[in-house]
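Data from start_8.cif: mmCIF, C-alpha atoms
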data_query
loop_
_atom_site.label_atom_id
_atom_site.label_comp_id
_atom_site.auth_asym_id
_atom_site.auth_seq_id
_atom_site.Cartn_x
_atom_site.Cartn_y
_atom_site.Cartn_z
CA MET A 1031 73.96 -113.00 14.51
CA TYR A 1032 71.90 -110.97 17.01
CA ARG A 1033 72.47 -107.28 17.70
CA LYS A 1034 70.68 -104.61 19.75
CA LEU A 1035 70.95 -100.86 19.20
CA VAL A 1036 69.19 -98.01 21.04
CA LEU A 1037 68.66 -94.91 18.89
CA ASP A 1038 69.07 -91.39 20.24
CA ASN A 1039 65.31 -90.95 20.65
CA GLY A 1040 64.98 -94.17 22.68
CA VAL A 1041 63.71 -96.53 19.97
CA ARG A 1042 65.18 -100.01 20.44
CA VAL A 1043 66.40 -101.82 17.32
CA VAL A 1044 66.93 -105.58 17.47
CA THR A 1045 68.34 -107.41 14.45
CA GLU A 1046 69.35 -110.90 13.41
CA ARG A 1047 71.33 -111.44 10.22
CA MET A 1048 70.41 -114.59 8.29
CA PRO A 1049 72.80 -114.60 5.31
CA THR A 1050 71.41 -117.78 3.76
CA LEU A 1051 68.08 -116.08 3.02
CA LYS A 1052 67.11 -113.79 0.16
CA SER A 1053 64.43 -112.00 2.17
CA VAL A 1054 64.29 -109.54 5.04
CA THR A 1055 61.39 -108.67 7.33
CA VAL A 1056 61.08 -105.37 9.19
CA GLY A 1057 58.59 -104.96 12.03
CA VAL A 1058 57.70 -101.91 14.09
CA TRP A 1059 56.25 -102.96 17.44
CA VAL A 1060 54.53 -100.55 19.82
CA ASN A 1061 54.08 -101.75 23.39
CA THR A 1062 50.42 -100.78 23.52
CA GLY A 1063 47.31 -102.77 22.77
CA SER A 1064 43.67 -103.14 23.70
CA ARG A 1065 44.43 -103.62 27.41
CA ASP A 1066 45.97 -100.13 27.53
CA GLU A 1067 42.79 -98.38 26.38
CA GLN A 1068 40.23 -96.74 28.64
CA PRO A 1069 36.69 -98.16 28.25
CA SER A 1070 35.76 -95.09 26.18
CA GLN A 1071 38.73 -95.85 23.88
CA ALA A 1072 37.93 -99.52 23.27
CA GLY A 1073 39.16 -100.43 19.79
CA TYR A 1074 41.44 -97.40 19.27
CA SER A 1075 44.67 -99.42 18.96
CA HIS A 1076 43.16 -101.65 16.29
CA PHE A 1077 41.56 -98.73 14.45
CA ILE A 1078 44.87 -96.84 14.34
CA GLU A 1079 46.49 -99.97 12.89
CA HIS A 1080 43.99 -99.78 10.01
CA MET A 1081 44.45 -96.05 9.50
CA LEU A 1082 48.21 -96.19 8.99
CA PHE A 1083 47.56 -97.74 5.57
CA LYS A 1084 45.08 -95.05 4.48
CA GLY A 1085 47.44 -92.38 3.23
CA THR A 1086 50.42 -90.26 4.28
CA ARG A 1087 51.52 -86.74 3.37
CA LYS A 1088 53.08 -88.00 0.15
CA ARG A 1089 51.26 -91.29 -0.60
CA SER A 1090 47.59 -92.14 -1.03
CA SER A 1091 46.29 -95.51 0.18
CA ALA A 1092 46.22 -96.74 -3.44
CA GLU A 1093 49.84 -95.63 -3.95
CA ILE A 1094 50.88 -97.48 -0.79
CA SER A 1095 49.30 -100.68 -2.12
CA ARG A 1096 50.86 -100.28 -5.57
CA GLU A 1097 54.28 -99.57 -4.11
CA ILE A 1098 54.42 -102.66 -1.93
CA ASP A 1099 53.26 -104.77 -4.88
CA ALA A 1100 55.97 -103.18 -7.04
CA LEU A 1101 58.53 -104.26 -4.44
CA GLY A 1102 57.28 -107.84 -4.75
CA GLY A 1103 56.72 -107.90 -1.03
CA GLU A 1104 54.11 -108.20 1.69
CA MET A 1105 52.98 -105.49 4.10
CA ASN A 1106 50.49 -105.91 6.91
CA ALA A 1107 49.77 -105.21 10.57
CA PHE A 1108 48.10 -106.78 13.59
CA THR A 1109 46.89 -105.71 17.01
CA SER A 1110 46.97 -107.83 20.14
CA ARG A 1111 45.95 -107.14 23.71
CA GLU A 1112 49.42 -105.78 24.52
CA THR A 1113 51.09 -104.72 21.25
CA THR A 1114 50.44 -103.17 17.85
CA THR A 1115 52.69 -104.31 15.00
CA TYR A 1116 53.36 -103.05 11.47
CA TYR A 1117 55.61 -105.12 9.22
CA VAL A 1118 56.93 -105.50 5.69
CA LYS A 1119 58.67 -108.48 4.11
CA VAL A 1120 60.68 -107.97 0.90
CA LEU A 1121 63.63 -109.29 -1.08
CA ASP A 1122 66.89 -108.21 0.55
CA GLN A 1123 67.80 -105.75 -2.25
CA GLN A 1124 64.56 -103.81 -1.52
CA LEU A 1125 65.34 -103.23 2.16
CA GLU A 1126 65.92 -99.47 1.99
CA ARG A 1127 62.74 -98.82 0.02
CA ALA A 1128 60.80 -100.97 2.47
CA LEU A 1129 62.21 -99.09 5.48
CA GLU A 1130 61.35 -95.74 3.92
CA LEU A 1131 57.80 -96.87 3.15
CA LEU A 1132 57.19 -98.30 6.62
CA SER A 1133 58.66 -95.19 8.23
CA ASP A 1134 56.39 -92.96 6.15
CA LEU A 1135 53.31 -94.86 7.27
CA PHE A 1136 54.41 -94.92 10.90
CA HIS A 1137 55.39 -91.26 11.20
CA HIS A 1138 53.38 -89.36 8.59
CA SER A 1139 49.93 -90.91 8.23
CA CYS A 1140 47.25 -88.24 7.65
CA PHE A 1141 44.16 -89.68 9.34
CA ALA A 1142 41.97 -87.90 6.81
CA PRO A 1143 38.39 -87.50 8.14
CA LYS A 1144 36.87 -89.09 5.00
CA GLU A 1145 39.15 -92.10 5.35
CA ILE A 1146 38.24 -92.43 9.04
CA GLU A 1147 34.53 -92.52 8.20
CA LYS A 1148 35.10 -95.18 5.54
CA GLU A 1149 37.26 -97.27 7.83
CA LYS A 1150 34.62 -97.19 10.56
CA GLN A 1151 32.43 -99.24 8.25
CA VAL A 1152 35.27 -101.67 7.53
CA VAL A 1153 35.93 -102.25 11.24
CA LEU A 1154 32.21 -102.64 11.95
CA GLU A 1155 32.13 -105.36 9.29
CA GLU A 1156 35.12 -107.00 10.99
CA ILE A 1157 33.20 -107.00 14.29
CA ARG A 1158 30.20 -108.58 12.53
CA MET A 1159 32.49 -111.19 11.01
CA VAL A 1160 33.54 -112.32 14.50
CA GLN A 1161 29.87 -112.54 15.48
CA ASP A 1162 29.37 -114.95 12.56
CA ASP A 1163 32.38 -117.13 13.47
CA PRO A 1164 31.38 -119.22 16.51
CA GLU A 1165 34.93 -120.38 17.27
CA ASP A 1166 36.15 -116.79 17.47
CA LEU A 1167 33.03 -115.58 19.25
CA VAL A 1168 33.04 -118.18 22.02
CA GLN A 1169 36.70 -117.42 22.76
CA GLU A 1170 35.95 -113.71 22.92
CA LEU A 1171 32.99 -114.35 25.24
CA HIS A 1172 35.23 -116.60 27.34
CA MET A 1173 37.87 -113.89 27.78
CA GLY A 1174 35.20 -111.48 28.96
CA GLN A 1175 33.78 -114.05 31.36
CA VAL A 1176 37.10 -115.16 32.85
CA LEU A 1177 38.68 -111.71 33.17
CA GLY A 1178 35.54 -109.73 33.95
CA ARG A 1179 35.99 -105.97 33.87
CA HIS A 1180 39.77 -106.20 33.48
CA PRO A 1181 40.97 -104.53 30.24
CA LEU A 1182 42.37 -107.88 29.01
CA GLY A 1183 38.80 -109.16 28.90
CA ARG A 1184 37.67 -106.61 26.31
CA SER A 1185 37.51 -107.27 22.59
CA ILE A 1186 40.52 -106.05 20.62
CA LEU A 1187 38.16 -104.76 17.93
CA GLY A 1188 36.24 -102.57 20.37
CA ARG A 1189 32.51 -101.97 20.67
CA GLU A 1190 30.25 -100.80 17.87
CA LYS A 1191 29.20 -97.71 19.83
CA THR A 1192 32.81 -96.66 20.46
CA ILE A 1193 33.84 -97.15 16.83
CA ARG A 1194 30.89 -95.16 15.50
CA GLY A 1195 31.64 -92.27 17.84
CA LEU A 1196 35.43 -91.92 17.52
CA ARG A 1197 36.88 -88.73 16.05
CA ARG A 1198 40.15 -87.85 14.37
CA GLN A 1199 41.45 -85.91 17.37
CA ASP A 1200 40.71 -88.88 19.66
CA LEU A 1201 43.06 -91.03 17.58
CA LEU A 1202 45.78 -88.37 17.43
CA ASN A 1203 45.60 -87.90 21.21
CA TYR A 1204 45.90 -91.66 21.74
CA ILE A 1205 48.97 -91.81 19.49
CA GLU A 1206 50.57 -88.88 21.32
CA THR A 1207 50.09 -90.67 24.62
CA SER A 1208 50.84 -94.27 23.64
CA TYR A 1209 53.20 -94.25 20.64
CA ASP A 1210 56.26 -93.22 22.63
CA PRO A 1211 59.73 -93.97 21.22
CA GLY A 1212 60.65 -95.65 24.51
CA GLN A 1213 57.79 -98.09 23.96
CA THR A 1214 58.76 -98.82 20.34
CA VAL A 1215 60.88 -101.70 19.06
CA VAL A 1216 62.08 -102.03 15.45
CA SER A 1217 62.79 -105.68 14.74
CA ILE A 1218 64.64 -106.83 11.59
CA ALA A 1219 65.57 -110.35 10.50
CA GLY A 1220 66.95 -111.67 7.23
CA ASN A 1221 69.81 -110.91 4.85
CA PHE A 1222 71.34 -107.44 5.17
CA ASP A 1223 74.60 -105.55 5.63
CA GLN A 1224 74.77 -104.58 9.31
CA ALA A 1225 76.71 -101.32 8.94
CA LYS A 1226 74.41 -100.08 6.18
CA LEU A 1227 71.32 -101.16 8.12
CA ASP A 1228 72.39 -99.21 11.22
CA LEU A 1229 72.58 -96.01 9.17
CA LEU A 1230 69.23 -96.63 7.50
CA VAL A 1231 67.40 -97.35 10.72
CA ALA A 1232 68.81 -94.22 12.36
CA ARG A 1233 67.72 -92.18 9.33
CA TYR A 1234 64.16 -93.46 9.22
CA PHE A 1235 63.35 -94.20 12.87
CA GLY A 1236 65.87 -92.22 14.97
CA LYS A 1237 64.39 -88.76 14.57
CA GLY A 1238 61.50 -87.01 16.28
CA ARG A 1239 60.66 -86.61 19.94
CA ALA A 1240 62.71 -88.35 22.59
CA ALA A 1241 61.29 -91.03 24.85
CA LYS A 1242 59.60 -90.00 28.07
CA THR A 1243 62.03 -90.97 30.77
CA ASN A 1244 59.60 -92.32 33.39
CA GLN A 1245 56.73 -93.56 31.28
CA ALA A 1246 54.78 -96.45 32.78
CA ASN A 1247 51.96 -98.25 31.03
CA GLY A 1248 49.79 -98.44 34.18
CA ARG A 1249 48.89 -102.10 33.70
CA ARG A 1250 47.44 -104.09 36.59
CA PRO A 1251 47.54 -107.90 36.83
CA PRO A 1252 44.34 -109.74 35.90
CA GLU A 1253 42.27 -111.95 38.19
CA VAL A 1254 40.81 -115.13 36.70
CA HIS A 1255 37.19 -115.93 37.57
CA GLY A 1256 35.40 -119.29 37.40
CA GLY A 1257 31.76 -120.09 36.69
CA VAL A 1258 29.51 -120.98 33.76
CA LEU A 1259 28.29 -118.70 30.98
CA LEU A 1260 25.84 -120.06 28.41
CA LYS A 1261 24.70 -118.09 25.36
CA LYS A 1262 22.09 -119.45 22.99
CA LYS A 1263 22.68 -119.02 19.27
CA ARG A 1264 21.24 -120.81 16.25
CA LEU A 1265 24.08 -123.08 15.21
CA GLU A 1266 24.60 -126.72 14.32
CA GLN A 1267 27.07 -127.29 17.16
CA VAL A 1268 27.70 -126.05 20.67
CA HIS A 1269 31.10 -124.37 20.95
CA LEU A 1270 32.82 -124.63 24.32
CA CYS A 1271 35.72 -123.00 26.13
CA LEU A 1272 36.99 -124.23 29.48
CA GLY A 1273 39.54 -122.01 31.18
CA LEU A 1274 41.93 -121.97 34.13
CA LYS A 1275 44.60 -119.60 35.38
CA GLY A 1276 47.95 -119.76 33.56
CA VAL A 1277 51.28 -117.94 33.83
CA ALA A 1278 52.77 -114.74 32.45
CA ALA A 1279 54.72 -114.83 29.18
CA GLY A 1280 58.04 -114.52 31.00
CA HIS A 1281 57.33 -116.84 33.93
CA GLN A 1282 60.26 -119.05 34.96
CA ASP A 1283 58.12 -122.22 34.87
CA ARG A 1284 56.48 -121.53 31.51
CA TYR A 1285 58.22 -124.41 29.73
CA ALA A 1286 56.78 -126.93 32.18
CA LEU A 1287 53.32 -125.50 31.53
CA TYR A 1288 53.96 -125.62 27.76
CA ALA A 1289 54.74 -129.33 28.15
CA LEU A 1290 51.64 -129.85 30.28
CA ASN A 1291 49.51 -128.13 27.64
CA SER A 1292 51.04 -130.29 24.91
CA VAL A 1293 50.13 -133.44 26.84
CA LEU A 1294 46.60 -132.23 27.60
CA GLY A 1295 45.49 -130.91 24.21
CA GLY A 1296 48.29 -129.26 22.29
CA SER A 1297 48.77 -131.88 19.58
CA VAL A 1298 47.07 -134.77 17.76
CA SER A 1299 48.70 -137.24 20.16
CA SER A 1300 47.38 -135.33 23.19
CA ARG A 1301 45.03 -136.87 25.73
CA LEU A 1302 42.03 -134.77 24.75
CA PHE A 1303 42.38 -135.38 21.02
CA GLN A 1304 42.82 -139.10 21.50
CA GLU A 1305 40.13 -139.60 24.16
CA VAL A 1306 37.40 -137.27 22.90
CA ARG A 1307 37.83 -137.37 19.13
CA GLU A 1308 39.72 -140.53 18.18
CA LYS A 1309 38.21 -142.98 20.70
CA ARG A 1310 34.68 -141.59 20.98
CA GLY A 1311 34.12 -139.46 17.88
CA LEU A 1312 32.39 -136.74 19.90
CA VAL A 1313 34.12 -133.78 18.22
CA TYR A 1314 35.89 -132.78 15.06
CA SER A 1315 37.90 -130.04 16.76
CA ILE A 1316 39.33 -130.08 20.28
CA TYR A 1317 42.55 -128.47 21.49
CA SER A 1318 44.11 -126.56 24.38
CA PHE A 1319 46.33 -123.49 24.30
CA LEU A 1320 48.13 -121.04 26.57
CA SER A 1321 47.66 -117.27 26.55
CA GLY A 1322 50.55 -115.45 28.22
CA TYR A 1323 50.61 -111.72 28.97
CA SER A 1324 53.11 -109.48 30.72
CA ASP A 1325 51.54 -110.09 34.14
CA GLY A 1326 49.31 -113.16 33.90
CA GLY A 1327 47.90 -115.83 31.65
CA MET A 1328 45.28 -118.47 30.94
CA ILE A 1329 44.97 -122.13 29.94
CA THR A 1330 42.01 -122.72 27.62
CA VAL A 1331 40.43 -125.83 26.14
CA TYR A 1332 38.23 -125.39 23.05
CA ALA A 1333 35.82 -127.99 21.68
CA ALA A 1334 32.74 -128.11 19.45
CA THR A 1335 30.15 -130.89 19.63
CA ARG A 1336 26.50 -131.86 19.14
CA PRO A 1337 24.11 -130.27 21.67
CA LYS A 1338 23.24 -133.61 23.30
CA GLU A 1339 26.94 -134.38 23.91
CA VAL A 1340 27.88 -131.13 25.69
CA ASP A 1341 27.82 -132.56 29.21
CA ARG A 1342 29.73 -135.66 28.14
CA VAL A 1343 32.49 -133.66 26.44
CA VAL A 1344 32.87 -131.36 29.46
CA ASP A 1345 32.99 -134.37 31.80
CA LEU A 1346 35.70 -136.00 29.67
CA VAL A 1347 37.81 -132.83 29.65
CA CYS A 1348 37.48 -132.51 33.43
CA ARG A 1349 38.36 -136.18 33.85
CA GLU A 1350 41.61 -135.77 31.91
CA ILE A 1351 42.49 -132.68 33.94
CA ARG A 1352 41.86 -134.59 37.20
CA LYS A 1353 44.05 -137.47 36.02
CA ILE A 1354 46.96 -135.09 35.51
CA VAL A 1355 46.43 -133.56 38.97
CA ILE A 1356 46.36 -136.98 40.65
CA LYS A 1357 48.91 -138.96 38.64
CA GLY A 1358 50.92 -136.41 36.66
CA VAL A 1359 52.20 -137.47 33.22
CA GLU A 1360 54.06 -140.56 32.08
CA ARG A 1361 57.74 -140.36 31.14
CA LYS A 1362 57.15 -141.46 27.53
CA GLU A 1363 54.29 -138.98 27.23
CA LEU A 1364 56.46 -136.12 28.48
CA GLU A 1365 59.36 -137.04 26.21
CA ARG A 1366 57.02 -137.12 23.21
CA ALA A 1367 55.66 -133.71 24.18
CA LYS A 1368 59.17 -132.27 24.53
CA ILE A 1369 60.21 -133.60 21.12
CA GLN A 1370 57.05 -132.11 19.60
CA MET A 1371 57.72 -128.77 21.31
CA LYS A 1372 61.30 -128.63 20.06
CA GLY A 1373 60.31 -129.60 16.54
CA SER A 1374 57.54 -127.00 16.39
CA LEU A 1375 59.89 -124.35 17.75
CA MET A 1376 62.66 -125.01 15.25
CA LEU A 1377 60.32 -125.27 12.27
CA SER A 1378 58.56 -122.05 13.30
CA LEU A 1379 61.83 -120.10 13.12
CA GLU A 1380 62.84 -120.95 9.57
CA SER A 1381 61.54 -117.71 7.99
CA SER A 1382 62.66 -114.10 8.38
CA HIS A 1383 59.12 -113.17 9.42
CA SER A 1384 59.00 -115.60 12.34
CA ARG A 1385 62.48 -114.55 13.47
CA MET A 1386 61.42 -110.91 13.37
CA ASN A 1387 58.45 -111.75 15.61
CA LYS A 1388 60.64 -113.62 18.09
CA LEU A 1389 63.22 -110.83 18.31
CA ALA A 1390 60.55 -108.27 19.20
CA LYS A 1391 58.73 -110.49 21.67
CA ASP A 1392 62.00 -111.32 23.44
CA GLU A 1393 62.81 -107.63 23.80
CA LEU A 1394 59.35 -106.66 25.02
CA THR A 1395 58.97 -109.63 27.39
CA HIS A 1396 62.50 -110.17 28.72
CA GLY A 1397 64.43 -107.06 27.68
CA ARG A 1398 67.01 -109.30 26.05
CA HIS A 1399 67.52 -111.90 23.32
CA VAL A 1400 66.73 -115.53 24.18
CA SER A 1401 68.69 -117.82 21.88
CA LEU A 1402 67.26 -120.95 20.29
CA GLY A 1403 69.83 -122.97 22.24
CA ASP A 1404 68.60 -121.48 25.51
CA MET A 1405 65.01 -122.34 24.66
CA LEU A 1406 65.84 -125.91 23.68
CA GLY A 1407 67.84 -126.29 26.89
CA GLN A 1408 64.88 -125.07 28.96
CA ILE A 1409 62.64 -127.64 27.27
CA ASP A 1410 65.18 -130.44 27.87
CA ARG A 1411 65.31 -129.56 31.57
CA VAL A 1412 61.56 -130.01 32.09
CA ASN A 1413 60.98 -133.17 34.16
CA GLU A 1414 58.04 -135.23 35.42
CA GLU A 1415 58.21 -133.79 38.94
CA GLN A 1416 58.09 -130.21 37.65
CA VAL A 1417 55.12 -130.95 35.37
CA PHE A 1418 53.30 -132.75 38.21
CA SER A 1419 53.84 -129.72 40.43
CA MET A 1420 52.51 -127.34 37.76
CA GLY A 1421 49.47 -129.56 37.22
CA ARG A 1422 48.60 -129.55 40.91
CA LYS A 1423 49.08 -125.80 41.07
CA PHE A 1424 47.10 -124.71 38.00
CA PHE A 1425 44.60 -127.49 37.23
CA GLU A 1426 42.17 -126.51 39.98
CA LEU A 1427 38.70 -127.47 38.77
CA ASP A 1428 37.07 -125.46 41.58
CA SER A 1429 38.06 -122.33 39.66
CA LEU A 1430 37.15 -123.69 36.21
CA ALA A 1431 35.36 -121.27 33.87
CA ILE A 1432 33.09 -122.72 31.16
CA THR A 1433 31.61 -120.78 28.25
CA GLY A 1434 29.08 -122.35 25.90
CA LEU A 1435 27.70 -120.91 22.65
CA GLY A 1436 25.05 -122.50 20.45
CA PRO A 1437 21.73 -124.40 20.65
CA LEU A 1438 22.07 -125.15 24.34
CA SER A 1439 19.42 -126.98 26.31
CA PRO A 1440 18.21 -125.32 29.55
CA ARG A 1441 19.56 -128.38 31.36
CA SER A 1442 23.08 -128.09 29.90
CA LEU A 1443 25.86 -128.22 32.47
CA GLN A 1444 23.43 -128.13 35.42
CA HIS A 1445 25.77 -130.41 37.37
CA ILE A 1446 28.59 -127.87 36.96
CA ARG A 1447 26.52 -124.96 38.17
#

The structure given in the file should be rewritten as structure tokens.
Amino acid sequence: MYRKLVLDNGVRVVTERMPTLKSVTVGVWVNTGSRDEQPSQAGYSHFIEHMLFKGTRKRSSAEISREIDALGGEMNAFTSRETTTYYVKVLDQQLERALELLSDLFHHSCFAPKEIEKEKQVVLEEIRMVQDDPEDLVQELHMGQVLGRHPLGRSILGREKTIRGLRRQDLLNYIETSYDPGQTVVSIAGNFDQAKLDLLVARYFGKGRAAKTNQANGRRPPEVHGGVLLKKKRLEQVHLCLGLKGVAAGHQDRYALYALNSVLGGSVSSRLFQEVREKRGLVYSIYSFLSGYSDGGMITVYAATRPKEVDRVVDLVCREIRKIVIKGVERKELERAKIQMKGSLMLSLESSHSRMNKLAKDELTHGRHVSLGDMLGQIDRVNEEQVFSMGRKFFELDSLAITGLGPLSPRSLQHIR
């Protein structure tokens, strides 16, 4: 059963009781991420996420770790381009202790200067780790290429120079500006007593400053740019991203584009997987995915192949995209994609953690709860004509962006450029 509550300070609380479970997951979502930073603040959201685990007024970082282990639970956090999330998953009888612990981290972290200096080195190692992972690196380069100077195109982790130079007061100022109660959602899913939970949430998250009444995040929609970007790197394979404009996370036609993505490269029965890997053996990994933000989105194809096969793989991807633009998709193909979408959706919502994520995303994207039945109904209503229309609208190869990383030949993709 879904319920929404707005606390006196403006924090929104969304809950879903799942009485058949023995677990409960609590997430605190702040509607700020890397796109909300100024260039001089690149990486602040992610760095703050790290620092909330480094000690509060009454707990050291070691005590925080020991306490969550003693609860038999899991605590973690993640930063995206639009949100920062802190969560804890525990057995249902440990809910109050978990709420108190998460509240302590969220409201009373110390940001000790010594801990900040140590964590700078940790984050710098994380940045280096991305540099050593070609699949991650080519996708990061691709975002920067496609979105240019738009904040969505920047790395979530920030730049080495910015991380080295940040100071404690910089982080505190960013929190004061961005961590507003009106931009905060507490999302809880699992087994709990609703009346007791309401009191606990008000106790641990309903105090402090009130929300700013007219706060706006100042976001501007992104523009997607085409072109070719090639970066040489000593690797065994060339890693490729091909990107086109997509739709925002809340777009009315998103389910048709989800279906189109599933047909193109979203599953092992997709056209790209079957044509490029299964029939020709040119790749081990090839897939497509959608990235949806509050005011825009992207469609991206990723593949990795031998240097001499780069042009062939790109040509095959473009050929499959053109086929969809010209002929659309077959009825059987679309029905298979819809069944796969519905199955993936239902399986993904079987845990309290995944339900917690969905509750928060619904609130931040739509301002309301979207039921599983509504989502399944939207998928069922997708038809061939709608998918054909979306393909013609978004699969425009004239605006295709291609990023290549690896041992590229100077002649690679000359015909594209």

Any chance you could tabulate, as a tab-separated table, the residues of segment 1202-1284 of chain A at most 8 Å from segment 1165-1179 of chain A with each one's nearest atom pair and distance in Å to one decimal, using all atoms listed in the file, in chain and rising number order?
residue	atom	partner	partner_atom	distance
A:Pro1252	CA	A:Leu1177	CA	6.6
A:Glu1253	CA	A:Leu1177	CA	6.2
A:Val1254	CA	A:Val1176	CA	5.3
A:His1255	CA	A:Val1176	CA	4.8
A:Gly1256	CA	A:Val1176	CA	6.4
A:Leu1259	CA	A:Gln1175	CA	7.2
A:His1269	CA	A:Val1168	CA	6.6
A:Leu1270	CA	A:Val1168	CA	6.9
A:Cys1271	CA	A:His1172	CA	6.5
A:Gly1273	CA	A:Val1176	CA	7.5

Export of the given selection (C-alpha atoms) as an mmCIF file, keeping the file's coordinate frame:
data_model
loop_
_atom_site.group_PDB
_atom_site.id
_atom_site.type_symbol
_atom_site.label_atom_id
_atom_site.label_comp_id
_atom_site.auth_asym_id
_atom_site.auth_seq_id
_atom_site.Cartn_x
_atom_site.Cartn_y
_atom_site.Cartn_z
ATOM 1 C CA PRO A 1252 44.340 -109.740 35.900
ATOM 2 C CA GLU A 1253 42.270 -111.950 38.190
ATOM 3 C CA VAL A 1254 40.810 -115.130 36.700
ATOM 4 C CA HIS A 1255 37.190 -115.930 37.570
ATOM 5 C CA GLY A 1256 35.400 -119.290 37.400
ATOM 6 C CA LEU A 1259 28.290 -118.700 30.980
ATOM 7 C CA HIS A 1269 31.100 -124.370 20.950
ATOM 8 C CA LEU A 1270 32.820 -124.630 24.320
ATOM 9 C CA CYS A 1271 35.720 -123.000 26.130
ATOM 10 C CA GLY A 1273 39.540 -122.010 31.180
#

- Message: What's the separation between atom CA of Thr1214 of chain A and atom CA of Thr1114 of chain A, in Å to one decimal place?
- Response: 9.7 Å

- Message: Residue by residue, what does the PyMOL selection byres ((chain A and resi 1182-1196) around 6) grab here? Present the result as JSON, numbers by chain.
- Response: {"A": [1064, 1065, 1072, 1073, 1173, 1174, 1177, 1180, 1181, 1197]}

Selection file, C-alpha atoms, as an mmCIF file, keeping the file's coordinate frame:
data_model
loop_
_atom_site.group_PDB
_atom_site.id
_atom_site.type_symbol
_atom_site.label_atom_id
_atom_site.label_comp_id
_atom_site.auth_asym_id
_atom_site.auth_seq_id
_atom_site.Cartn_x
_atom_site.Cartn_y
_atom_site.Cartn_z
ATOM 1 C CA SER A 1064 43.670 -103.140 23.700
ATOM 2 C CA ARG A 1065 44.430 -103.620 27.410
ATOM 3 C CA ALA A 1072 37.930 -99.520 23.270
ATOM 4 C CA GLY A 1073 39.160 -100.430 19.790
ATOM 5 C CA MET A 1173 37.870 -113.890 27.780
ATOM 6 C CA GLY A 1174 35.200 -111.480 28.960
ATOM 7 C CA LEU A 1177 38.680 -111.710 33.170
ATOM 8 C CA HIS A 1180 39.770 -106.200 33.480
ATOM 9 C CA PRO A 1181 40.970 -104.530 30.240
ATOM 10 C CA ARG A 1197 36.880 -88.730 16.050
#

- Selected by the PyMOL selection byres ((chain A and resi 1316) around 9) in the shown coordinates: which residues, as a ChimeraX atom specification? /A:1295,1302-1303,1306-1307,1313-1315,1317-1318,1331-1334

- Using all atoms listed in the file: which of A:Val1231, A:Leu1265, A:Val1340, A:Val1153 has the shortest distance to Pro1440 of chain A: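 Selected residue with least distance to Pro1440 of chain A: A:Val1340.
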
- Note on the structure: A straight line from atom CA of Gly1102 of chain A to atom CA of Ser1381 of chain A spans 16.7 Å

- Residue neighbourhood Val1041 of chain A, 9 Å, all atoms listed in the file, exclusion window fewer than 5 positions, as number ranges by chain: A: 1035-1036, 1210-1216, 1235-1236, 1240-1241

- Query: Once the PyMOL selection byres ((chain A and resi 1056) around 10) has been applied to the shown file, what residues remain in the selection, as JSON, numbers by chain?
  - Reply: {"A": [1045, 1054, 1055, 1057, 1058, 1059, 1105, 1116, 1117, 1118, 1119, 1120, 1125, 1128, 1129, 1132, 1216, 1217, 1218, 1219, 1220, 1382, 1383, 1386, 1387]}

Closest contacts (segment 1289-1401 of chain A/segment 1274-1281 of chain A, max 7 Å, all atoms listed in the file) as a tab-separated table:
residue	atom	partner	partner_atom	distance
A:Gly1322	CA	A:Ala1279	CA	4.3
A:Tyr1323	CA	A:Ala1278	CA	5.1
A:Ser1324	CA	A:Ala1278	CA	5.5
A:Asp1325	CA	A:Ala1278	CA	5.1
A:Gly1326	CA	A:Ala1278	CA	4.1
A:Gly1327	CA	A:Gly1276	CA	4.4
A:Met1328	CA	A:Gly1276	CA	4.0
A:Ile1329	CA	A:Leu1274	CA	5.2
A:Thr1330	CA	A:Leu1274	CA	6.6
A:Thr1395	CA	A:Gly1280	CA	6.1
A:His1396	CA	A:Gly1280	CA	6.6

- Message: Using only C-alpha atoms, can you tell me which of A:Leu1201, A:Val1258, A:Val1043, A:Ile1157 comes closest to Thr1433 of chain A?
- Response: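 For Thr1433 of chain A, the nearest of the given residues is A:Val1258.
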
- Task: Have a look at atom CA of Lys1144 of chain A and atom CA of Arg1111 of chain A and let me know their distance in Å, one decimal.
- Result: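 Taking atom CA of Lys1144 of chain A as the start and atom CA of Arg1111 of chain A as the end point, the length is 27.5 Å.
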
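With distances restricted to all atoms listed in the file, A:Gln1370 is the closest residue to Leu1406 of chain A from A:Ser1419, A:Gln1370, A:Asn1203, A:Gln1124.
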
- Can you work out which one of A:Ile1351, A:Ile1369, A:Met1405, A:Leu1135 has the shortest atom-to-atom distance to Ala1289 of chain A, counting only C-alpha atoms?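 Nearest to Ala1289 of chain A: A:Ile1369.
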
- Fewer than 4 positions away in the same chain doesn't count, so skip those; otherwise give me all residues within 8 Å of Lys1052 of chain A, counting all atoms listed in the file, as a ChimeraX atom specification. /A:1121-1122,1220-1221

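Among A:Lys1150, A:Arg1264, A:His1137, A:Arg1249, the residue with the shortest atom-to-atom distance to Leu1435 of chain A, counting only C-alpha atoms, is A:Arg1264.
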
Padding of 6 Å on every side, edges along x, y and z, all listed atoms of segment 1165-1174 of chain A included: what centre and edge lengths in Å, to one decimal, does that box have, as JSON?
{"center_x": 35.4, "center_y": -115.9, "center_z": 23.1, "size_x": 16.9, "size_y": 20.9, "size_z": 23.7}

Surrounding residues of Gln1282 of chain A excluding itself and chain neighbours under 5 positions, 12 Å, only C-alpha atoms, as a short mmCIF file (atom, residue, chain, number, x, y, z; two decimals) with C-alpha atoms, in the coordinates of the input:
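Result went into out31.cif, see below:
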data_model
loop_
_atom_site.label_atom_id
_atom_site.label_comp_id
_atom_site.auth_asym_id
_atom_site.auth_seq_id
_atom_site.Cartn_x
_atom_site.Cartn_y
_atom_site.Cartn_z
CA VAL A 1277 51.28 -117.94 33.83
CA LEU A 1287 53.32 -125.50 31.53
CA TYR A 1288 53.96 -125.62 27.76
CA HIS A 1396 62.50 -110.17 28.72
CA MET A 1405 65.01 -122.34 24.66
CA GLN A 1408 64.88 -125.07 28.96
CA ILE A 1409 62.64 -127.64 27.27
CA VAL A 1412 61.56 -130.01 32.09
CA GLN A 1416 58.09 -130.21 37.65
CA MET A 1420 52.51 -127.34 37.76
#
